[in-house]
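Shown here: final12.txt, compact mmCIF, C-alpha atoms.
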# COMPACT_ATOMS: atom_id res chain seq x y z
CA MET A 1 69.68 -36.87 -19.30
CA PRO A 2 66.07 -37.26 -18.12
CA HIS A 3 63.33 -35.76 -20.25
CA THR A 4 60.99 -33.95 -17.86
CA SER A 5 59.35 -31.31 -20.05
CA ALA A 6 55.66 -31.50 -20.98
CA ILE A 7 55.87 -33.42 -24.28
CA PRO A 8 59.52 -33.04 -25.36
CA ALA A 9 61.50 -33.43 -28.53
CA TYR A 10 59.85 -33.41 -31.95
CA SER A 11 57.17 -34.90 -34.16
CA ALA A 12 57.67 -38.48 -35.29
CA ASP A 13 55.76 -37.90 -38.54
CA GLY A 14 57.40 -39.45 -41.58
CA VAL A 15 58.63 -42.82 -42.79
CA TRP A 16 60.70 -44.84 -40.33
CA GLU A 17 62.66 -47.19 -42.54
CA LYS A 18 65.25 -50.00 -42.47
CA LEU A 19 63.79 -51.68 -39.40
CA GLN A 20 63.59 -55.24 -38.18
CA LEU A 21 60.06 -56.22 -37.14
CA ALA A 22 59.12 -58.17 -34.02
CA ALA A 23 56.53 -60.11 -36.00
CA GLU A 24 54.46 -61.41 -33.08
CA LEU A 25 53.89 -57.83 -31.91
CA ALA A 26 52.68 -56.38 -35.22
CA GLN A 27 49.85 -56.51 -37.74
CA PRO A 28 51.54 -55.33 -40.95
CA ASP A 29 49.47 -54.01 -43.82
CA VAL A 30 51.48 -56.17 -46.23
CA PRO A 31 52.94 -59.56 -45.22
CA VAL A 32 56.58 -59.31 -44.17
CA PRO A 33 58.86 -62.19 -45.22
CA ALA A 34 61.46 -63.31 -42.70
CA THR A 35 64.61 -61.12 -42.51
CA THR A 36 62.94 -58.40 -44.61
CA LEU A 37 63.48 -54.82 -43.46
CA VAL A 38 60.31 -52.85 -42.92
CA SER A 39 59.03 -49.29 -42.90
CA LEU A 40 56.56 -47.71 -40.52
CA VAL A 41 54.64 -44.58 -41.53
CA VAL A 42 53.57 -41.98 -38.97
CA GLN A 43 51.23 -39.07 -39.79
CA ASP A 44 49.56 -36.73 -37.33
CA GLY A 45 50.88 -38.84 -34.48
CA GLN A 46 49.22 -42.01 -35.80
CA ILE A 47 50.67 -45.13 -37.41
CA ARG A 48 49.36 -45.16 -40.98
CA TRP A 49 51.16 -48.12 -42.53
CA VAL A 50 53.48 -51.01 -41.57
CA GLY A 51 55.11 -53.31 -44.10
CA PRO A 52 58.17 -54.19 -46.21
CA SER A 53 60.18 -51.15 -47.22
CA ASP A 54 60.06 -52.13 -50.89
CA ALA A 55 56.23 -52.18 -50.74
CA LEU A 56 55.83 -48.66 -49.33
CA PRO A 57 52.74 -47.09 -50.99
CA ALA A 58 53.48 -44.23 -53.34
CA ALA A 59 51.21 -41.95 -51.30
CA PHE A 60 53.87 -41.90 -48.56
CA ALA A 61 56.95 -41.60 -50.78
CA ALA A 62 57.38 -37.84 -50.28
CA LEU A 63 57.24 -37.93 -46.46
CA PRO A 64 60.36 -37.16 -44.41
CA ARG A 65 62.58 -40.17 -43.76
CA HIS A 66 63.91 -41.43 -40.43
CA ALA A 67 66.71 -43.99 -40.70
CA GLY A 68 66.28 -47.05 -38.48
CA PHE A 69 69.75 -48.49 -39.16
CA GLY A 70 68.43 -52.06 -38.95
CA ALA A 71 67.16 -51.64 -35.37
CA LEU A 72 64.39 -53.85 -34.02
CA VAL A 73 61.02 -52.08 -33.73
CA THR A 74 58.48 -53.08 -31.09
CA PRO A 75 55.39 -51.47 -29.65
CA GLY A 76 56.01 -49.17 -26.71
CA LEU A 77 56.18 -51.14 -23.48
CA VAL A 78 53.22 -51.20 -21.09
CA ASP A 79 53.65 -51.45 -17.30
CA CYS A 80 50.19 -52.63 -16.25
CA HIS A 81 50.52 -52.88 -12.44
CA THR A 82 52.30 -50.25 -10.35
CA HIS A 83 51.94 -48.43 -7.04
CA LEU A 84 54.21 -45.62 -8.20
CA VAL A 85 52.92 -42.78 -6.01
CA TYR A 86 53.73 -43.07 -2.30
CA GLY A 87 55.61 -41.45 0.54
CA GLY A 88 58.75 -42.81 2.18
CA GLN A 89 60.37 -46.19 1.55
CA ARG A 90 60.56 -49.54 3.32
CA ALA A 91 64.14 -50.77 3.09
CA ASN A 92 63.94 -51.75 6.76
CA GLU A 93 61.31 -54.36 5.91
CA PHE A 94 63.62 -55.82 3.29
CA ALA A 95 66.16 -56.28 6.06
CA MET A 96 63.49 -57.82 8.33
CA ARG A 97 62.57 -60.40 5.73
CA LEU A 98 66.22 -61.27 5.20
CA ALA A 99 66.41 -61.88 8.95
CA GLY A 100 63.56 -64.36 8.71
CA ALA A 101 60.31 -62.36 9.00
CA SER A 102 57.48 -63.32 6.65
CA TYR A 103 55.26 -60.90 4.70
CA GLU A 104 52.55 -61.49 7.30
CA ASP A 105 55.01 -61.02 10.20
CA VAL A 106 55.99 -57.61 8.83
CA ALA A 107 52.34 -56.59 8.46
CA LYS A 108 51.45 -57.69 11.98
CA ALA A 109 54.40 -55.70 13.37
CA GLY A 110 52.94 -52.47 11.98
CA GLY A 111 54.95 -52.51 8.78
CA GLY A 112 53.77 -53.32 5.32
CA ILE A 113 51.15 -51.27 3.57
CA VAL A 114 50.16 -49.34 6.69
CA SER A 115 53.68 -47.92 7.09
CA SER A 116 53.45 -46.51 3.56
CA VAL A 117 50.04 -45.11 4.44
CA ARG A 118 51.52 -43.12 7.29
CA ALA A 119 54.24 -41.65 5.07
CA THR A 120 51.85 -40.93 2.20
CA ARG A 121 49.36 -39.15 4.44
CA LYS A 122 52.13 -36.90 5.76
CA ALA A 123 53.35 -35.91 2.29
CA SER A 124 51.88 -33.06 0.28
CA GLU A 125 50.64 -33.56 -3.27
CA ASP A 126 53.67 -31.69 -4.62
CA ALA A 127 56.05 -33.80 -2.52
CA LEU A 128 54.45 -37.00 -3.82
CA PHE A 129 54.74 -35.71 -7.38
CA GLN A 130 58.42 -34.86 -7.01
CA ALA A 131 59.16 -38.25 -5.44
CA ALA A 132 57.33 -40.18 -8.16
CA LEU A 133 58.75 -38.19 -11.08
CA PRO A 134 62.19 -39.89 -11.27
CA ARG A 135 60.61 -43.31 -10.74
CA LEU A 136 58.36 -42.81 -13.73
CA GLN A 137 61.18 -41.31 -15.78
CA ALA A 138 63.31 -44.41 -15.19
CA LEU A 139 60.54 -46.57 -16.64
CA LEU A 140 59.95 -44.23 -19.57
CA ASP A 141 63.65 -44.13 -20.44
CA GLU A 142 63.44 -47.90 -21.00
CA GLY A 143 60.58 -47.63 -23.49
CA VAL A 144 57.40 -47.63 -21.39
CA CYS A 145 54.63 -45.78 -23.25
CA ALA A 146 51.64 -46.61 -21.04
CA ILE A 147 51.45 -47.30 -17.32
CA GLU A 148 48.93 -48.02 -14.59
CA ILE A 149 49.28 -46.15 -11.29
CA LYS A 150 47.22 -47.28 -8.30
CA SER A 151 46.17 -45.44 -5.19
CA GLY A 152 45.90 -47.41 -1.96
CA TYR A 153 48.41 -45.71 0.32
CA GLY A 154 45.97 -43.02 1.43
CA LEU A 155 43.03 -45.09 2.70
CA ALA A 156 41.03 -41.91 3.32
CA LEU A 157 39.25 -39.79 0.74
CA GLU A 158 41.58 -36.78 0.84
CA HIS A 159 44.72 -38.92 0.61
CA GLU A 160 43.43 -41.30 -2.05
CA ARG A 161 42.45 -38.22 -4.04
CA LYS A 162 45.94 -36.85 -3.56
CA GLN A 163 47.54 -39.99 -5.00
CA LEU A 164 45.23 -40.13 -8.00
CA ARG A 165 45.70 -36.43 -8.75
CA VAL A 166 49.46 -36.96 -8.75
CA ALA A 167 49.05 -39.89 -11.16
CA ARG A 168 47.12 -37.68 -13.57
CA ARG A 169 49.73 -34.90 -13.24
CA LEU A 170 52.54 -37.33 -14.03
CA GLY A 171 50.89 -38.36 -17.28
CA GLU A 172 50.42 -34.75 -18.32
CA ALA A 173 53.93 -33.68 -17.32
CA LEU A 174 55.77 -36.48 -19.09
CA GLY A 175 53.47 -37.09 -22.05
CA VAL A 176 52.63 -40.71 -21.27
CA THR A 177 49.37 -42.64 -21.11
CA VAL A 178 48.50 -43.17 -17.43
CA ARG A 179 45.61 -45.35 -16.31
CA THR A 180 44.56 -44.67 -12.73
CA THR A 181 43.26 -47.43 -10.47
CA PHE A 182 41.43 -46.79 -7.19
CA LEU A 183 42.75 -49.27 -4.62
CA GLY A 184 41.02 -47.90 -1.54
CA ALA A 185 40.50 -51.49 -0.38
CA HIS A 186 44.24 -52.14 -0.12
CA ALA A 187 44.50 -52.48 3.66
CA LEU A 188 42.49 -51.55 6.74
CA PRO A 189 43.55 -48.09 7.96
CA PRO A 190 44.55 -47.87 11.64
CA GLU A 191 41.50 -45.80 12.57
CA TYR A 192 39.26 -48.65 11.36
CA THR A 193 40.99 -51.48 13.22
CA GLY A 194 38.41 -54.17 13.92
CA ARG A 195 35.83 -52.41 11.74
CA SER A 196 36.45 -53.66 8.24
CA ALA A 197 32.72 -53.64 7.38
CA ASP A 198 32.53 -49.95 8.22
CA TYR A 199 35.60 -49.18 6.12
CA ILE A 200 34.30 -51.08 3.09
CA LYS A 201 31.04 -49.14 3.41
CA LEU A 202 33.08 -45.91 3.34
CA VAL A 203 34.97 -47.10 0.25
CA CYS A 204 31.78 -48.06 -1.59
CA GLU A 205 29.44 -45.24 -0.59
CA GLN A 206 31.71 -42.22 -0.26
CA MET A 207 35.28 -42.61 -1.53
CA LEU A 208 34.70 -44.33 -4.86
CA PRO A 209 31.68 -42.25 -5.95
CA ALA A 210 33.45 -38.99 -5.09
CA LEU A 211 36.67 -39.86 -6.88
CA ALA A 212 34.84 -41.22 -9.90
CA ALA A 213 32.82 -38.01 -10.13
CA GLU A 214 36.10 -36.08 -10.25
CA GLY A 215 37.31 -38.15 -13.21
CA LEU A 216 40.16 -39.72 -11.25
CA VAL A 217 39.27 -43.41 -11.57
CA ASP A 218 39.82 -45.60 -14.65
CA ALA A 219 39.53 -48.93 -12.80
CA VAL A 220 38.91 -50.32 -9.31
CA ASP A 221 41.11 -52.87 -7.52
CA VAL A 222 40.94 -54.76 -4.21
CA PHE A 223 43.53 -56.73 -2.23
CA CYS A 224 41.58 -59.94 -1.62
CA GLU A 225 43.61 -61.92 0.89
CA ARG A 226 43.46 -63.20 4.46
CA ILE A 227 45.56 -60.23 5.66
CA ALA A 228 43.39 -57.79 3.69
CA PHE A 229 39.77 -58.16 2.53
CA SER A 230 37.41 -61.10 2.26
CA LEU A 231 35.50 -62.34 -0.78
CA THR A 232 32.30 -60.78 0.57
CA GLU A 233 33.99 -57.41 1.08
CA THR A 234 35.62 -57.63 -2.33
CA GLU A 235 32.30 -58.28 -4.00
CA LEU A 236 30.75 -55.24 -2.32
CA VAL A 237 33.49 -53.06 -3.87
CA PHE A 238 32.98 -54.69 -7.26
CA GLN A 239 29.27 -54.02 -7.05
CA ALA A 240 29.94 -50.36 -6.28
CA ALA A 241 32.26 -50.14 -9.29
CA GLN A 242 29.70 -51.88 -11.46
CA ARG A 243 27.03 -49.33 -10.50
CA LEU A 244 29.37 -46.59 -11.70
CA GLY A 245 30.33 -48.42 -14.90
CA ILE A 246 33.99 -48.74 -13.89
CA PRO A 247 35.98 -51.90 -14.75
CA VAL A 248 37.57 -53.95 -11.98
CA LYS A 249 40.88 -55.71 -11.33
CA LEU A 250 42.07 -57.81 -8.40
CA HIS A 251 45.12 -58.59 -6.29
CA ALA A 252 44.31 -62.30 -6.18
CA GLU A 253 45.70 -65.55 -4.82
CA GLN A 254 49.06 -64.10 -3.81
CA ILE A 255 49.37 -65.71 -0.37
CA SER A 256 46.54 -68.25 -0.40
CA ASN A 257 43.76 -69.50 -2.64
CA MET A 258 40.82 -67.31 -1.66
CA GLY A 259 38.85 -67.87 -4.86
CA GLY A 260 39.19 -64.20 -5.71
CA SER A 261 40.02 -64.80 -9.36
CA ALA A 262 36.78 -66.66 -9.99
CA LEU A 263 34.87 -63.85 -8.28
CA ALA A 264 36.67 -61.20 -10.32
CA ALA A 265 35.99 -63.11 -13.52
CA ARG A 266 32.25 -63.07 -12.74
CA TYR A 267 32.50 -59.28 -12.81
CA GLY A 268 34.42 -59.29 -16.10
CA ALA A 269 37.68 -58.20 -14.50
CA LEU A 270 40.34 -56.75 -16.76
CA SER A 271 42.99 -58.70 -14.86
CA CYS A 272 43.84 -60.82 -11.85
CA ASP A 273 47.34 -60.10 -10.55
CA HIS A 274 49.95 -62.11 -8.60
CA ILE A 275 47.93 -65.41 -8.76
CA GLU A 276 50.67 -67.69 -7.36
CA HIS A 277 47.97 -69.83 -5.69
CA LEU A 278 45.48 -69.76 -8.57
CA ASP A 279 43.66 -73.08 -9.08
CA ALA A 280 42.07 -74.77 -12.09
CA ASP A 281 38.62 -73.32 -11.37
CA GLY A 282 40.08 -69.83 -11.28
CA ILE A 283 41.91 -70.41 -14.55
CA ALA A 284 38.71 -71.63 -16.23
CA ALA A 285 36.77 -68.63 -14.95
CA MET A 286 39.42 -66.20 -16.20
CA LYS A 287 39.48 -67.89 -19.60
CA SER A 288 35.71 -67.62 -19.90
CA ALA A 289 35.70 -63.94 -18.93
CA GLY A 290 38.70 -62.94 -21.05
CA THR A 291 40.54 -61.82 -17.92
CA VAL A 292 44.31 -61.31 -18.21
CA ALA A 293 46.68 -63.00 -15.75
CA VAL A 294 49.27 -60.46 -14.61
CA LEU A 295 52.54 -62.03 -13.46
CA LEU A 296 54.64 -60.05 -10.99
CA PRO A 297 58.08 -61.69 -10.78
CA GLY A 298 59.58 -58.74 -8.89
CA ALA A 299 57.37 -59.41 -5.87
CA TYR A 300 57.96 -63.15 -6.16
CA TYR A 301 61.70 -62.53 -6.15
CA THR A 302 61.73 -59.92 -3.37
CA LEU A 303 59.57 -62.04 -1.08
CA ARG A 304 61.65 -65.14 -1.91
CA ASP A 305 58.44 -66.95 -2.73
CA THR A 306 58.50 -70.61 -3.70
CA GLN A 307 54.94 -71.03 -5.00
CA LEU A 308 55.08 -70.53 -8.76
CA PRO A 309 52.07 -69.20 -10.66
CA PRO A 310 50.36 -72.00 -12.65
CA ILE A 311 52.03 -71.05 -15.92
CA ALA A 312 51.38 -74.38 -17.63
CA GLY A 313 47.69 -74.27 -16.72
CA LEU A 314 47.31 -70.69 -17.92
CA HIS A 315 49.11 -71.53 -21.13
CA ALA A 316 47.03 -74.64 -21.75
CA ALA A 317 43.81 -72.68 -21.21
CA GLY A 318 44.92 -69.85 -23.47
CA VAL A 319 44.72 -67.20 -20.74
CA PRO A 320 46.85 -64.21 -21.82
CA MET A 321 49.72 -63.52 -19.44
CA ALA A 322 50.99 -59.99 -18.85
CA VAL A 323 54.18 -59.11 -16.97
CA SER A 324 54.62 -55.99 -14.84
CA THR A 325 57.02 -54.38 -12.38
CA ASP A 326 54.47 -54.10 -9.53
CA HIS A 327 56.62 -51.16 -8.48
CA ASN A 328 55.93 -50.51 -4.81
CA PRO A 329 58.05 -49.61 -1.77
CA GLY A 330 57.59 -52.84 0.14
CA THR A 331 57.67 -55.92 -2.06
CA SER A 332 58.85 -54.90 -5.53
CA PRO A 333 60.96 -51.72 -5.68
CA ALA A 334 61.62 -52.46 -9.36
CA LEU A 335 62.11 -49.81 -12.01
CA SER A 336 62.92 -51.93 -15.06
CA LEU A 337 60.24 -53.66 -17.10
CA LEU A 338 62.91 -55.39 -19.20
CA LEU A 339 64.32 -56.91 -16.01
CA MET A 340 60.83 -58.20 -15.22
CA ALA A 341 60.73 -59.82 -18.67
CA ASN A 342 64.03 -61.54 -17.89
CA MET A 343 62.69 -62.68 -14.50
CA ALA A 344 59.48 -63.96 -16.10
CA CYS A 345 61.62 -66.12 -18.36
CA THR A 346 64.12 -67.33 -15.75
CA LEU A 347 61.82 -67.68 -12.73
CA PHE A 348 58.48 -68.51 -14.37
CA ARG A 349 59.81 -70.21 -17.52
CA LEU A 350 58.01 -68.02 -20.03
CA THR A 351 59.34 -68.17 -23.56
CA VAL A 352 60.79 -65.00 -25.07
CA PRO A 353 57.72 -64.36 -27.28
CA GLU A 354 55.47 -64.84 -24.22
CA ALA A 355 57.54 -62.43 -22.14
CA LEU A 356 57.58 -59.77 -24.86
CA ALA A 357 53.84 -60.10 -25.43
CA GLY A 358 53.53 -59.86 -21.66
CA ILE A 359 55.07 -56.39 -21.53
CA THR A 360 53.26 -55.13 -24.64
CA THR A 361 50.14 -56.74 -26.12
CA HIS A 362 48.76 -58.55 -23.07
CA ALA A 363 49.75 -55.74 -20.69
CA ALA A 364 47.75 -53.29 -22.81
CA ARG A 365 44.76 -55.61 -22.63
CA ALA A 366 45.09 -55.76 -18.83
CA LEU A 367 44.50 -51.98 -18.83
CA GLY A 368 41.72 -51.97 -21.40
CA LEU A 369 44.11 -50.31 -23.87
CA GLN A 370 44.20 -53.13 -26.42
CA ASP A 371 42.86 -50.86 -29.19
CA SER A 372 45.55 -48.21 -28.77
CA HIS A 373 48.68 -49.77 -27.26
CA GLY A 374 50.78 -52.92 -27.27
CA LEU A 375 50.67 -53.68 -31.00
CA LEU A 376 52.14 -52.12 -34.13
CA ALA A 377 49.24 -51.60 -36.53
CA SER A 378 47.67 -48.95 -38.72
CA GLY A 379 45.26 -46.59 -37.02
CA ARG A 380 46.92 -46.68 -33.61
CA PRO A 381 48.75 -43.86 -31.82
CA ALA A 382 52.47 -43.85 -32.57
CA ASN A 383 53.99 -45.51 -29.51
CA PHE A 384 57.02 -47.60 -30.46
CA VAL A 385 60.65 -48.26 -29.64
CA LEU A 386 63.69 -48.90 -31.84
CA TRP A 387 66.16 -51.22 -30.13
CA PRO A 388 69.86 -51.63 -31.08
CA VAL A 389 69.72 -55.43 -30.95
CA ALA A 390 70.23 -58.21 -33.45
CA GLU A 391 67.22 -60.25 -32.34
CA ALA A 392 64.17 -59.91 -30.11
CA ALA A 393 65.52 -62.41 -27.57
CA GLU A 394 68.09 -59.83 -26.47
CA LEU A 395 65.35 -57.75 -24.86
CA ALA A 396 64.77 -60.53 -22.32
CA TYR A 397 68.37 -61.81 -22.31
CA TRP A 398 70.28 -58.77 -21.06
CA PHE A 399 69.69 -57.42 -17.59
CA GLY A 400 71.23 -54.41 -15.87
CA GLN A 401 71.76 -52.74 -19.24
CA LYS A 402 69.81 -49.74 -20.51
CA PRO A 403 69.73 -50.04 -24.31
CA ALA A 404 70.49 -46.87 -26.29
CA CYS A 405 67.06 -46.96 -27.87
CA THR A 406 64.90 -44.49 -29.78
CA ILE A 407 61.49 -43.94 -28.19
CA VAL A 408 58.40 -42.57 -29.91
CA ARG A 409 55.63 -41.83 -27.43
CA GLN A 410 52.28 -40.22 -28.23
CA GLY A 411 53.56 -39.39 -31.70
CA ARG A 412 56.66 -37.56 -30.43
CA VAL A 413 60.30 -38.61 -30.53
CA VAL A 414 61.22 -38.34 -26.87
CA ARG A 415 64.56 -40.10 -27.09
CA ASN A 416 66.81 -40.79 -30.08
CA ASP A 417 70.01 -42.55 -29.06
CA LEU A 418 70.53 -44.92 -31.98
CA ARG A 419 73.97 -44.71 -33.55
CA ASN A 420 74.34 -44.25 -37.29
CA ASP A 421 76.54 -47.32 -37.56
CA LEU A 422 74.14 -49.83 -35.97
CA ALA A 423 73.61 -51.69 -39.20
CA SER A 424 77.28 -52.65 -39.42
CA LYS A 425 78.19 -53.13 -35.75
CA ASP A 426 77.56 -55.86 -33.24
CA PRO A 427 74.79 -54.44 -31.00
CA SER A 428 76.80 -55.50 -27.94
CA HIS A 429 79.88 -53.55 -29.09
CA GLY A 430 81.26 -51.42 -26.32
CA ALA A 431 79.12 -53.04 -23.62
Here is the file; what I need is its structure written in the form of C-alpha cells.
Amino acid sequence: MPHTSAIPAYSADGVWEKLQLAAELAQPDVPVPATTLVSLVVQDGQIRWVGPSDALPAAFAALPRHAGFGALVTPGLVDCHTHLVYGGQRANEFAMRLAGASYEDVAKAGGGIVSSVRATRKASEDALFQAALPRLQALLDEGVCAIEIKSGYGLALEHERKQLRVARRLGEALGVTVRTTFLGAHALPPEYTGRSADYIKLVCEQMLPALAAEGLVDAVDVFCERIAFSLTETELVFQAAQRLGIPVKLHAEQISNMGGSALAARYGALSCDHIEHLDADGIAAMKSAGTVAVLLPGAYYTLRDTQLPPIAGLHAAGVPMAVSTDHNPGTSPALSLLLMANMACTLFRLTVPEALAGITTHAARALGLQDSHGLLASGRPANFVLWPVAEAAELAYWFGQKPACTIVRQGRVVRNDLRNDLASKDPSHGA
C-alpha cells in the first residue's frame, strides 16, 4: 500500500544489525573486512556509527535493536533529474515516433514540450499535486530518498510558480528531500514565437528573481539546443542565476554538440545532463569544474537514440557519472531508478559499481547534496535502504521487480517489508 501521510511509520533510532555493506557506498568508522556483517547506529534521525557488528562501541550497546537478517544496506537512492510535475501525458507522441517521426519532427508539429505546457497551464495547483503524487510515491517505494523536480512546463511566471510550489508540497507531504530547479528556459512559449530574446529577458529579469525571492528555486537549468536556446541565451540565464547566488545545471549536448557543457562548466555547474554529443573539450571543462555528468538512459531508450554518451572519455577523465530517470511525459515516462541502473549497464556499459554510485553518491553530488545524501557515513541524516539480495549486483541485474525492501528516510522507517527468514533463504525465492 502507498504511504501518503506526512512522515509515516516510526523512528529509525537504534542499532541496525546483521547487515551486508555495499562497501563502495560507505565510509565506515571501523574498517569492514570482506563478508563481515555490519551494524549501523541511528540516533535522533542521524547516522552515528557504521562498522563491524563485533566492534560496536559500548556507548551504543543499550540502544534498541533492529534485525537486518543479512540484507544489503545502501544509501537511499537519489533521482537527480526529473520533470515530475506536469499536466496531461504524451502517449500520442510515442506512437508518432514509432511511425517514424523524429524528436524535432514532433516539436515542429506542435507537440513536444509545448503540448505539456498547454496541459500544465490548464491544470490547477491541486490537480498537479494529485497527478504527481503517485508518480513520486512509485519512486519512493523503490528506495528514493532525495529527488530533483524541475519546472519548465509553465513558461510564464504564474505557471512556473505553480509547478515549483507543487514540488515543495510533495516533499513536505511525503517526507522526502526535494530539490527544486527552475527551468523557465525549457522551450519558447507560443506567445513568444519569434521573440526568444524577449522571452529570455523575461526569464532573467522577472521570473527568476521573483521565484527566488519566494524561496522556490534551489538551482537553475536551461535546455541549450538548436530546438531550444542558444549559447548566448543560456549564458544570460546563467548570469542571472549567478547574480542571485543560485547554482546552475544544463540540458546539454543531447541532439547536437552546442558546446553547452563547456559553458556550464565555466559557471561551475552542478551537472550537465544527457550529453550524448559531448566532446573532449567539454569533458575536460567538466573535469576541471567538478561538474557531474548525468546519464539519462530512459530518454536514450525512448527516443531510440544511437549516439552513445562518451562513457570511456568520462571515465578516463575521472568525471563522476550520475544516472537518473529523467521522468517526463514525452521522452522518458520512467518511474524506476533501478531500471535506469540496469539500462545504464546494458545500454551504456557502466559497471555495477559505477551504476550504483550513479544512483547514490554521484547523483547526490549532482544536486549539491553530497554532504547529506548518497553515502553511508557518521553525521549524515539517516537515509538508507535494506535490500533482500545476496549481492549488490542484483540491484542492477533484476528489472521489472520491486524488491521487498526496508526504507529509512529522514530518520523514519517508512517501509519495512523484509522477511524474518532472509538470512536463510535465497533472495529470489518465490519470485
Give, as AutoDock Vina command-line options, the centre coordinates and the x, y and z edge lengths in Å to one decimal for an axis-aligned box around all listed atoms of range 44-62 of chain A, padded by 5 Å on each side.
--center_x 54.7 --center_y -45.5 --center_z -43.9 --size_x 21.0 --size_y 27.5 --size_z 28.9
Show me, as a PDB file with C-alpha atoms, keeping the file's coordinate frame, the residues that have an atom within 12 Å of Gln370 in chain A when counting all atoms listed in the file, minus same-chain residues fewer than 6 positions from it.
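Here's the written file around02.pdb:
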ATOM      1  CA  PRO A  75      55.390 -51.470 -29.650  1.00  0.00           C
ATOM      2  CA  VAL A  78      53.220 -51.200 -21.090  1.00  0.00           C
ATOM      3  CA  CYS A  80      50.190 -52.630 -16.250  1.00  0.00           C
ATOM      4  CA  ALA A 146      51.640 -46.610 -21.040  1.00  0.00           C
ATOM      5  CA  LEU A 270      40.340 -56.750 -16.760  1.00  0.00           C
ATOM      6  CA  VAL A 292      44.310 -61.310 -18.210  1.00  0.00           C
ATOM      7  CA  ALA A 357      53.840 -60.100 -25.430  1.00  0.00           C
ATOM      8  CA  THR A 360      53.260 -55.130 -24.640  1.00  0.00           C
ATOM      9  CA  THR A 361      50.140 -56.740 -26.120  1.00  0.00           C
ATOM     10  CA  HIS A 362      48.760 -58.550 -23.070  1.00  0.00           C
ATOM     11  CA  ALA A 363      49.750 -55.740 -20.690  1.00  0.00           C
ATOM     12  CA  ALA A 364      47.750 -53.290 -22.810  1.00  0.00           C
ATOM     13  CA  LEU A 376      52.140 -52.120 -34.130  1.00  0.00           C
ATOM     14  CA  ALA A 377      49.240 -51.600 -36.530  1.00  0.00           C
ATOM     15  CA  ARG A 380      46.920 -46.680 -33.610  1.00  0.00           C
ATOM     16  CA  PRO A 381      48.750 -43.860 -31.820  1.00  0.00           C
TER      17      PRO A 381
END
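If you look at CA of Phe94 in chain A and CA of Gln254 in chain A, they are 18.2 Å away from each other.
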Quiz item: Can you list, as a PyMOL selection string, every protein, DNA or RNA residue that comes within 12 Å of Lys402 in chain A when you count only C-alpha atoms, leaving out same-chain residues fewer than 5 positions away?
Solution: chain A and resi 138-143+335-339+387-389+394-395+417+428+431
Keeping only C-alpha atoms, write the selected residues to a file as a PDB file, in the frame of the given file.
ATOM      1  CA  ALA A 138      63.310 -44.410 -15.190  1.00  0.00           C
ATOM      2  CA  LEU A 139      60.540 -46.570 -16.640  1.00  0.00           C
ATOM      3  CA  LEU A 140      59.950 -44.230 -19.570  1.00  0.00           C
ATOM      4  CA  ASP A 141      63.650 -44.130 -20.440  1.00  0.00           C
ATOM      5  CA  GLU A 142      63.440 -47.900 -21.000  1.00  0.00           C
ATOM      6  CA  GLY A 143      60.580 -47.630 -23.490  1.00  0.00           C
ATOM      7  CA  LEU A 335      62.110 -49.810 -12.010  1.00  0.00           C
ATOM      8  CA  SER A 336      62.920 -51.930 -15.060  1.00  0.00           C
ATOM      9  CA  LEU A 337      60.240 -53.660 -17.100  1.00  0.00           C
ATOM     10  CA  LEU A 338      62.910 -55.390 -19.200  1.00  0.00           C
ATOM     11  CA  LEU A 339      64.320 -56.910 -16.010  1.00  0.00           C
ATOM     12  CA  TRP A 387      66.160 -51.220 -30.130  1.00  0.00           C
ATOM     13  CA  PRO A 388      69.860 -51.630 -31.080  1.00  0.00           C
ATOM     14  CA  VAL A 389      69.720 -55.430 -30.950  1.00  0.00           C
ATOM     15  CA  GLU A 394      68.090 -59.830 -26.470  1.00  0.00           C
ATOM     16  CA  LEU A 395      65.350 -57.750 -24.860  1.00  0.00           C
ATOM     17  CA  ASP A 417      70.010 -42.550 -29.060  1.00  0.00           C
ATOM     18  CA  SER A 428      76.800 -55.500 -27.940  1.00  0.00           C
ATOM     19  CA  ALA A 431      79.120 -53.040 -23.620  1.00  0.00           C
TER      20      ALA A 431
END
Practice problem: Pull the neighbourhood of (34.9, -67.2, -8.9) for me: all residues within 12 Å in file coordinates, counting all atoms listed in the file, as a VMD selection string. | Solution: chain A and resid 231 to 232 234 to 235 250 252 to 253 257 to 269 272 278 to 289 291
Let me see the file: selected residues, C-alpha atoms, as a short mmCIF file (atom, residue, chain, number, x, y, z; two decimals), keeping the file's coordinate frame.
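Okay, out_19.cif is ready:
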data_model
loop_
_atom_site.label_atom_id
_atom_site.label_comp_id
_atom_site.auth_asym_id
_atom_site.auth_seq_id
_atom_site.Cartn_x
_atom_site.Cartn_y
_atom_site.Cartn_z
CA LEU A 231 35.50 -62.34 -0.78
CA THR A 232 32.30 -60.78 0.57
CA THR A 234 35.62 -57.63 -2.33
CA GLU A 235 32.30 -58.28 -4.00
CA LEU A 250 42.07 -57.81 -8.40
CA ALA A 252 44.31 -62.30 -6.18
CA GLU A 253 45.70 -65.55 -4.82
CA ASN A 257 43.76 -69.50 -2.64
CA MET A 258 40.82 -67.31 -1.66
CA GLY A 259 38.85 -67.87 -4.86
CA GLY A 260 39.19 -64.20 -5.71
CA SER A 261 40.02 -64.80 -9.36
CA ALA A 262 36.78 -66.66 -9.99
CA LEU A 263 34.87 -63.85 -8.28
CA ALA A 264 36.67 -61.20 -10.32
CA ALA A 265 35.99 -63.11 -13.52
CA ARG A 266 32.25 -63.07 -12.74
CA TYR A 267 32.50 -59.28 -12.81
CA GLY A 268 34.42 -59.29 -16.10
CA ALA A 269 37.68 -58.20 -14.50
CA CYS A 272 43.84 -60.82 -11.85
CA LEU A 278 45.48 -69.76 -8.57
CA ASP A 279 43.66 -73.08 -9.08
CA ALA A 280 42.07 -74.77 -12.09
CA ASP A 281 38.62 -73.32 -11.37
CA GLY A 282 40.08 -69.83 -11.28
CA ILE A 283 41.91 -70.41 -14.55
CA ALA A 284 38.71 -71.63 -16.23
CA ALA A 285 36.77 -68.63 -14.95
CA MET A 286 39.42 -66.20 -16.20
CA LYS A 287 39.48 -67.89 -19.60
CA SER A 288 35.71 -67.62 -19.90
CA ALA A 289 35.70 -63.94 -18.93
CA THR A 291 40.54 -61.82 -17.92
#
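Pairwise distance (CA of Leu37 in chain A, CA of Leu72 in chain A) equals 9.5 Å.
Note that the spacing between CA of Tyr301 in chain A and CA of Glu104 in chain A amounts to 16.3 Å.
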